[in-house]
>>> print(open('final20.cif').read())   # mmCIF, C-alpha atoms
data_final
loop_
_atom_site.label_atom_id
_atom_site.label_comp_id
_atom_site.auth_asym_id
_atom_site.auth_seq_id
_atom_site.Cartn_x
_atom_site.Cartn_y
_atom_site.Cartn_z
CA MET A 82 169.05 61.04 343.04
CA ALA A 83 167.89 59.82 339.66
CA LEU A 84 166.84 61.68 336.53
CA ASN A 85 163.16 62.61 336.41
CA LYS A 86 160.79 61.80 333.57
CA ALA A 87 161.03 65.20 331.84
CA GLN A 88 164.82 65.12 331.91
CA LYS A 89 164.92 61.60 330.50
CA GLU A 90 162.51 62.58 327.73
CA MET A 91 164.64 65.57 326.79
CA LEU A 92 167.82 63.51 326.74
CA GLU A 93 166.27 60.72 324.71
CA ASN A 94 164.30 62.81 322.24
CA THR A 95 166.84 65.49 321.35
CA PRO A 96 169.00 64.34 318.42
CA PHE A 97 171.60 67.04 319.08
CA VAL A 98 172.15 65.72 322.63
CA GLU A 99 172.98 62.36 321.09
CA PHE A 100 175.23 64.02 318.50
CA LEU A 101 177.16 65.67 321.33
CA GLY A 102 177.27 62.52 323.45
CA LEU A 103 176.28 64.42 326.60
CA GLU A 104 175.78 62.30 329.74
CA ALA A 105 173.84 63.52 332.76
CA LEU A 106 175.28 62.51 336.12
CA THR A 107 173.33 62.52 339.35
CA SER A 108 174.95 62.03 342.72
CA ASP A 109 174.55 63.20 346.29
CA GLU A 110 176.91 66.05 345.47
CA GLY A 111 174.48 67.40 342.90
CA PHE A 112 173.66 67.41 339.21
CA SER A 113 176.38 67.68 336.57
CA CYS A 114 176.98 66.61 332.97
CA ARG A 115 179.90 65.02 331.22
CA LEU A 116 181.12 65.14 327.63
CA CYS A 117 183.87 62.95 326.20
CA PHE A 118 185.75 64.42 323.25
CA ARG A 119 184.73 63.27 319.76
CA GLU A 120 186.27 64.32 316.43
CA GLN A 121 183.08 66.20 315.57
CA HIS A 122 183.63 68.50 318.61
CA ILE A 123 186.87 69.84 317.25
CA GLY A 124 187.45 73.58 317.03
CA ASN A 125 191.15 74.10 316.34
CA PRO A 126 192.34 70.99 314.46
CA LEU A 127 195.99 71.92 314.97
CA LEU A 128 195.72 72.10 318.76
CA ARG A 129 192.84 69.64 319.08
CA THR A 130 190.60 71.76 321.26
CA PHE A 131 186.83 71.66 321.75
CA HIS A 132 184.98 74.16 319.54
CA GLY A 133 183.63 77.17 321.45
CA GLY A 134 180.12 76.46 320.17
CA ILE A 135 180.28 72.88 321.42
CA LEU A 136 181.36 74.08 324.90
CA ALA A 137 178.52 76.60 324.97
CA SER A 138 175.96 74.02 323.77
CA PHE A 139 177.12 71.53 326.37
CA ALA A 140 176.81 74.11 329.16
CA GLU A 141 173.42 75.35 327.97
CA ILE A 142 171.91 71.88 327.80
CA THR A 143 173.30 71.22 331.29
CA ALA A 144 171.64 74.42 332.55
CA ALA A 145 168.28 73.48 330.98
CA LEU A 146 168.38 69.94 332.43
CA TYR A 147 169.26 71.30 335.85
CA LEU A 148 166.36 73.75 335.76
CA MET A 149 163.93 71.00 334.85
CA GLU A 150 164.96 69.15 337.99
CA SER A 151 165.24 72.13 340.35
CA LEU A 152 162.03 73.87 339.32
CA ASN A 153 160.09 70.71 338.50
CA LEU A 154 159.47 71.76 334.91
CA VAL A 155 157.66 69.38 332.60
CA GLU A 156 158.82 71.18 329.46
CA GLU A 157 162.31 72.17 328.42
CA PRO A 158 162.82 75.86 329.36
CA LEU A 159 163.48 78.44 326.61
CA CYS A 160 166.89 80.07 326.73
CA SER A 161 166.60 83.74 325.76
CA SER A 162 170.23 84.70 326.00
CA MET A 163 173.67 83.39 326.87
CA THR A 164 177.07 84.87 327.67
CA PHE A 165 180.09 82.67 327.68
CA ASP A 166 183.64 83.34 328.84
CA TYR A 167 186.43 81.16 327.51
CA LEU A 168 189.12 81.12 330.17
CA ARG A 169 191.57 78.52 328.86
CA PRO A 170 191.82 76.23 325.83
CA ALA A 171 189.74 73.09 326.37
CA PHE A 172 192.00 70.40 324.93
CA ALA A 173 190.56 67.05 323.80
CA GLY A 174 189.57 65.11 326.91
CA THR A 175 186.55 64.72 329.16
CA ILE A 176 184.83 67.91 330.28
CA ARG A 177 182.31 68.33 333.07
CA ALA A 178 179.67 71.04 333.51
CA GLU A 179 178.44 72.09 336.96
CA PRO A 180 175.32 74.26 337.01
CA CYS A 181 174.15 76.69 339.70
CA ILE A 182 170.99 78.79 339.84
CA VAL A 183 171.99 82.41 340.42
CA ARG A 184 168.43 83.60 340.76
CA ALA A 185 165.04 82.07 340.09
CA GLY A 186 162.68 85.01 339.80
CA ARG A 187 159.00 84.99 338.93
CA ARG A 188 159.63 85.70 335.24
CA PHE A 189 163.31 84.98 334.62
CA VAL A 190 165.84 82.47 335.85
CA VAL A 191 169.61 83.00 335.64
CA VAL A 192 171.81 79.93 335.66
CA SER A 193 175.60 79.90 335.69
CA VAL A 194 177.58 76.89 334.54
CA ASP A 195 181.25 76.14 335.21
CA VAL A 196 182.98 73.88 332.71
CA TYR A 197 185.99 71.88 333.87
CA LEU A 198 188.60 69.85 332.01
CA ASP A 199 189.82 67.45 334.66
CA LYS A 200 190.04 69.84 337.64
CA THR A 201 190.80 72.99 335.67
CA LEU A 202 188.09 75.58 335.05
CA VAL A 203 188.08 76.19 331.27
CA SER A 204 184.95 78.29 330.77
CA ILE A 205 181.99 79.91 332.47
CA GLY A 206 178.54 80.44 330.97
CA ARG A 207 175.52 82.43 332.08
CA PHE A 208 172.13 81.56 330.66
CA ILE A 209 168.84 83.41 331.00
CA TYR A 210 165.57 81.53 330.76
CA SER A 211 162.10 82.96 330.77
CA ARG A 212 159.45 80.98 332.57
CA MET B 209 189.05 90.05 299.38
CA SER B 210 190.52 87.94 296.62
CA ASP B 211 189.23 84.69 295.20
CA ARG B 212 192.34 83.10 296.61
CA TYR B 213 191.18 84.06 300.08
CA LEU B 214 187.71 82.64 299.55
CA THR B 215 189.31 79.40 298.34
CA MET B 216 191.48 79.27 301.43
CA ALA B 217 188.54 79.90 303.74
CA LYS B 218 186.46 77.28 301.94
CA THR B 219 189.30 74.80 302.32
CA PHE B 220 189.66 75.40 306.03
CA PHE B 221 185.94 75.55 306.75
CA GLY B 222 185.19 72.70 304.37
CA THR B 223 184.87 68.95 304.60
CA SER B 224 188.38 68.30 305.92
CA HIS B 225 187.40 69.84 309.27
CA PRO B 226 185.46 67.19 311.26
CA LEU B 227 183.03 69.59 312.94
CA PHE B 228 182.33 71.78 309.91
CA ASN B 229 181.86 68.63 307.87
CA ALA B 230 179.44 67.13 310.40
CA PHE B 231 177.48 70.39 310.52
CA GLY B 232 177.58 70.98 306.77
CA VAL B 233 178.92 74.53 307.19
CA GLU B 234 179.10 76.47 303.91
CA VAL B 235 181.09 79.66 303.33
CA GLU B 236 178.79 82.05 301.42
CA GLU B 237 180.90 85.22 301.30
CA VAL B 238 184.14 86.60 302.74
CA GLY B 239 185.69 90.04 302.45
CA LYS B 240 186.53 93.37 304.08
CA GLY B 241 186.09 92.11 307.63
CA ARG B 242 182.74 90.52 306.88
CA ALA B 243 181.76 86.93 306.31
CA ALA B 244 178.57 85.00 305.69
CA MET B 245 178.00 81.30 306.25
CA SER B 246 175.08 78.92 306.11
CA LEU B 247 174.04 75.44 307.04
CA SER B 248 170.99 73.43 306.16
CA CYS B 249 168.85 71.40 308.51
CA ARG B 250 170.26 67.97 309.36
CA PRO B 251 168.16 65.65 311.56
CA ALA B 252 171.13 64.81 313.83
CA LEU B 253 171.53 68.48 314.76
CA CYS B 254 167.93 69.15 315.73
CA ASP B 255 166.04 69.74 318.94
CA ARG B 256 162.99 67.66 319.80
CA HIS B 257 160.76 69.81 317.61
CA GLY B 258 162.75 69.14 314.45
CA GLY B 259 164.39 72.56 314.26
CA LEU B 260 168.15 73.09 314.43
CA HIS B 261 169.23 73.15 318.07
CA ARG B 262 170.25 76.45 319.76
CA GLY B 263 173.69 74.92 320.23
CA VAL B 264 174.05 74.61 316.45
CA VAL B 265 173.12 78.29 316.07
CA VAL B 266 175.83 79.25 318.59
CA THR B 267 178.39 77.00 316.90
CA LEU B 268 177.69 78.48 313.46
CA LEU B 269 177.82 82.06 314.81
CA ASP B 270 181.10 81.42 316.69
CA THR B 271 182.62 79.90 313.54
CA ASN B 272 181.37 82.79 311.40
CA CYS B 273 182.96 85.26 313.86
CA GLY B 274 186.30 83.55 313.28
CA LEU B 275 186.02 83.87 309.51
CA ALA B 276 185.05 87.55 309.72
CA ILE B 277 188.17 88.18 311.83
CA PHE B 278 190.43 86.28 309.39
CA SER B 279 189.00 88.47 306.65
CA ARG B 280 189.74 91.67 308.58
CA LEU B 281 193.29 90.50 309.46
CA GLY B 282 193.98 89.28 305.93
CA ASP B 283 195.49 86.04 307.22
CA MET B 284 194.59 83.08 309.41
CA ARG B 285 196.66 83.74 312.52
CA PRO B 286 195.43 81.60 315.40
CA ILE B 287 192.56 83.21 317.28
CA ALA B 288 190.54 82.15 320.29
CA THR B 289 187.13 83.27 321.55
CA ILE B 290 187.41 85.41 324.68
CA ASP B 291 183.70 85.83 325.18
CA LEU B 292 180.52 85.43 323.25
CA ARG B 293 177.01 86.69 323.82
CA VAL B 294 174.12 85.23 321.89
CA ASP B 295 170.50 86.35 322.15
CA PHE B 296 167.99 83.81 320.93
CA ILE B 297 165.24 85.85 319.31
CA ARG B 298 163.22 82.87 318.10
CA PRO B 299 163.80 79.13 317.72
CA VAL B 300 164.87 77.80 314.32
CA PRO B 301 161.68 76.58 312.57
CA ALA B 302 161.53 72.84 311.84
CA GLY B 303 163.41 71.90 308.68
CA GLU B 304 164.79 75.43 308.22
CA GLY B 305 168.43 76.26 307.45
CA ILE B 306 170.41 79.15 308.89
CA TYR B 307 172.17 82.02 307.10
CA SER B 308 174.60 83.94 309.30
CA GLU B 309 176.48 87.19 308.75
CA VAL B 310 179.20 88.57 311.00
CA GLU B 311 181.28 91.74 310.84
CA CYS B 312 184.61 92.25 312.58
CA TYR B 313 184.09 95.95 313.32
CA ALA B 314 187.26 96.65 315.30
CA VAL B 315 190.67 95.30 316.16
CA ARG B 316 192.58 96.92 318.98
CA GLY B 317 195.85 95.40 320.15
CA ASP B 318 195.36 91.67 320.44
CA ILE B 319 191.57 91.84 320.58
CA ALA B 320 189.14 91.60 317.67
CA TYR B 321 185.49 92.62 318.15
CA VAL B 322 182.62 91.09 316.22
CA ARG B 323 178.88 91.43 315.83
CA GLY B 324 176.44 89.57 313.71
CA GLN B 325 173.24 87.64 313.33
CA GLY B 326 171.69 84.40 312.24
CA CYS B 327 168.54 84.33 310.11
CA ALA B 328 166.22 81.71 308.70
CA TYR B 329 167.60 80.67 305.31
CA SER B 330 164.35 80.87 303.36
CA ASP B 331 162.76 84.13 304.56
CA HIS B 332 165.60 85.89 306.43
CA ASN B 333 163.58 86.09 309.64
CA LEU B 334 165.92 87.06 312.49
CA LEU B 335 166.71 84.09 314.78
CA ALA B 336 169.67 85.15 316.89
CA THR B 337 172.19 87.95 317.37
CA VAL B 338 175.81 87.64 318.43
CA PHE B 339 178.45 89.89 319.98
CA GLY B 340 181.90 88.77 320.94
CA SER B 341 185.58 89.42 321.36
CA PHE B 342 188.46 87.23 320.28
CA ALA B 343 192.15 87.07 321.18
CA VAL B 344 194.38 87.37 318.11
CA GLY B 345 197.72 85.60 317.76
CA THR B 346 197.11 82.91 320.36
CA LEU B 347 198.75 79.53 320.90
CA GLY B 348 199.66 77.32 317.96
CA PRO B 349 200.44 77.62 314.25
CA ALA B 350 198.44 79.72 311.80
CA PHE B 351 195.46 77.91 310.23
CA ASP B 352 196.64 78.76 306.74
CA SER B 353 200.21 77.48 307.34
CA ALA B 354 199.16 73.83 306.98
CA MET B 355 197.22 74.56 303.81
CA LYS B 356 200.05 76.57 302.28
CA GLY B 357 202.39 73.69 303.10
CA GLU B 358 200.09 71.23 301.35
CA GLY B 359 199.98 73.44 298.30
CA LYS B 360 196.21 73.78 298.47
CA VAL B 361 196.34 77.57 298.29
#
>>> encode(input="final20.cif", output="structure tokens")
Amino acid sequence: MALNKAQKEMLENTPFVEFLGLEALTSDEGFSCRLCFREQHIGNPLLRTFHGGILASFAEITAALYLMESLNLVEEPLCSSMTFDYLRPAFAGTIRAEPCIVRAGRRFVVVSVDVYLDKTLVSIGRFIYSR
Amino acid sequence: MSDRYLTMAKTFFGTSHPLFNAFGVEVEEVGKGRAAMSLSCRPALCDRHGGLHRGVVVTLLDTNCGLAIFSRLGDMRPIATIDLRVDFIRPVPAGEGIYSEVECYAVRGDIAYVRGQGCAYSDHNLLATVFGSFAVGTLGPAFDSAMKGEGKV
């Protein structure tokens, strides 16, 4: 599997994606994204953890990219709402986001994203997109 | 809340913090469990339409929640987000800054509850709303301990 044209365009033309340093990974096991820690991701400077907003952004962009592939969208979908559960501190390292479509309805699509630090689940997000 | 507290918050949320510095986060007001922050549009933080990315909105709101809680507690004990809900009412217009306001409306046991919103800086059009809960007194030293030690406050 390779990235499609719409996904590539979104990755290349979104400055904030570059700021984050998000990488999309495609393999036979499915679509996921990776983010290596940078100083500008820091939330708690004393513990050196990822900022909650950075984790949520990373998961949301992963969800949007995954939808573009799964539903063959040419445009980036609009996220109308997100809920995010922080399960454990995400210490500086490399995190991975694995998306899953919970339901793709006629008007709304619900995507859940699991975020892992190494093999530990650190947070879960749910994102609602209108189509 | 005293001027001393605003100074402390500005120090912590100021340029010495790599993320807040990169985002250009400004503390507008702090006191009585409420806080307001802002950031202006920076090209590196935008979506493909030239407006601040949704992720930046979430990051500002999450940060603002933290400051509102510090204000309610009266100190900067370590806190951590338990959960956060953000509704995106409309995208940030191209070139526009964001003004956010959050209230910590309750603390029960080790949990602090917050609600707030982000608006367009120039016309106060509503962009996003936030609800969340935070764990109080989590892992690690207090955020103000380092600053007190350095004699900044």
>>> interface_residues(input="final20.cif", of="chain B", to="chain A", cutoff="9 Å", atoms="all atoms listed in the file", output="PyMOL selection string")
chain B and resi 225-231+251-258+260-271+286+288-299+347-351+354
>>> resolve_selection(input="final20.cif", expression="the PyMOL selection byres ((chain B and resi 238) around 9)", output="MDAnalysis selection string")
chainID B and resid 209:210 213:214 217 235:237 239:245 275:276 279
>>> atom_distance(input="final20.cif", atom1="atom CA of Arg285 of chain B", atom2="atom CA of Phe342 of chain B")
11.8 Å
>>> resolve_selection(input="final20.cif", expression="the PyMOL selection byres ((chain A and resi 152) around 12)", output="PyMOL selection string")
chain A and resi 85+87-88+144-151+153-158+182+184-187+190+212
>>> write_last_selection(input="final20.cif", atoms="C-alpha atoms", output="PDB file, keeping the file's coordinate frame")
ATOM      1  CA  ASN A  85     163.160  62.610 336.410  1.00  0.00           C
ATOM      2  CA  ALA A  87     161.030  65.200 331.840  1.00  0.00           C
ATOM      3  CA  GLN A  88     164.820  65.120 331.910  1.00  0.00           C
ATOM      4  CA  ALA A 144     171.640  74.420 332.550  1.00  0.00           C
ATOM      5  CA  ALA A 145     168.280  73.480 330.980  1.00  0.00           C
ATOM      6  CA  LEU A 146     168.380  69.940 332.430  1.00  0.00           C
ATOM      7  CA  TYR A 147     169.260  71.300 335.850  1.00  0.00           C
ATOM      8  CA  LEU A 148     166.360  73.750 335.760  1.00  0.00           C
ATOM      9  CA  MET A 149     163.930  71.000 334.850  1.00  0.00           C
ATOM     10  CA  GLU A 150     164.960  69.150 337.990  1.00  0.00           C
ATOM     11  CA  SER A 151     165.240  72.130 340.350  1.00  0.00           C
ATOM     12  CA  ASN A 153     160.090  70.710 338.500  1.00  0.00           C
ATOM     13  CA  LEU A 154     159.470  71.760 334.910  1.00  0.00           C
ATOM     14  CA  VAL A 155     157.660  69.380 332.600  1.00  0.00           C
ATOM     15  CA  GLU A 156     158.820  71.180 329.460  1.00  0.00           C
ATOM     16  CA  GLU A 157     162.310  72.170 328.420  1.00  0.00           C
ATOM     17  CA  PRO A 158     162.820  75.860 329.360  1.00  0.00           C
ATOM     18  CA  ILE A 182     170.990  78.790 339.840  1.00  0.00           C
ATOM     19  CA  ARG A 184     168.430  83.600 340.760  1.00  0.00           C
ATOM     20  CA  ALA A 185     165.040  82.070 340.090  1.00  0.00           C
ATOM     21  CA  GLY A 186     162.680  85.010 339.800  1.00  0.00           C
ATOM     22  CA  ARG A 187     159.000  84.990 338.930  1.00  0.00           C
ATOM     23  CA  VAL A 190     165.840  82.470 335.850  1.00  0.00           C
ATOM     24  CA  ARG A 212     159.450  80.980 332.570  1.00  0.00           C
TER      25      ARG A 212
END
>>> residues_near_point(input="final20.cif", point="(187.6, 73.2, 331.6)", cutoff="8 Å", atoms="all atoms listed in the file", output="ChimeraX atom specification")
/A:169-171,176-177,195-204
>>> resolve_selection(input="final20.cif", expression="the PyMOL selection byres ((chain B and resi 313) around 9)", output="list in words")
Gly241, Arg242, Ile277, Arg280, Glu311, Cys312, Ala314, Val315, Ala320, Tyr321, Val322 and Arg323 of chain B
>>> residues_near_point(input="final20.cif", point="(177.1, 72.9, 304.5)", cutoff="7 Å", atoms="only C-alpha atoms", output="PDB file with C-alpha atoms, keeping the file's coordinate frame")
ATOM      1  CA  PHE B 231     177.480  70.390 310.520  1.00  0.00           C
ATOM      2  CA  GLY B 232     177.580  70.980 306.770  1.00  0.00           C
ATOM      3  CA  VAL B 233     178.920  74.530 307.190  1.00  0.00           C
ATOM      4  CA  GLU B 234     179.100  76.470 303.910  1.00  0.00           C
ATOM      5  CA  SER B 246     175.080  78.920 306.110  1.00  0.00           C
ATOM      6  CA  LEU B 247     174.040  75.440 307.040  1.00  0.00           C
ATOM      7  CA  SER B 248     170.990  73.430 306.160  1.00  0.00           C
TER       8      SER B 248
END
>>> atom_distance(input="final20.cif", atom1="atom CA of Cys114 of chain A", atom2="atom CA of Ser211 of chain A")
22.2 Å
>>> atom_distance(input="final20.cif", atom1="atom CA of Phe339 of chain B", atom2="atom CA of Gly274 of chain B")
12.1 Å
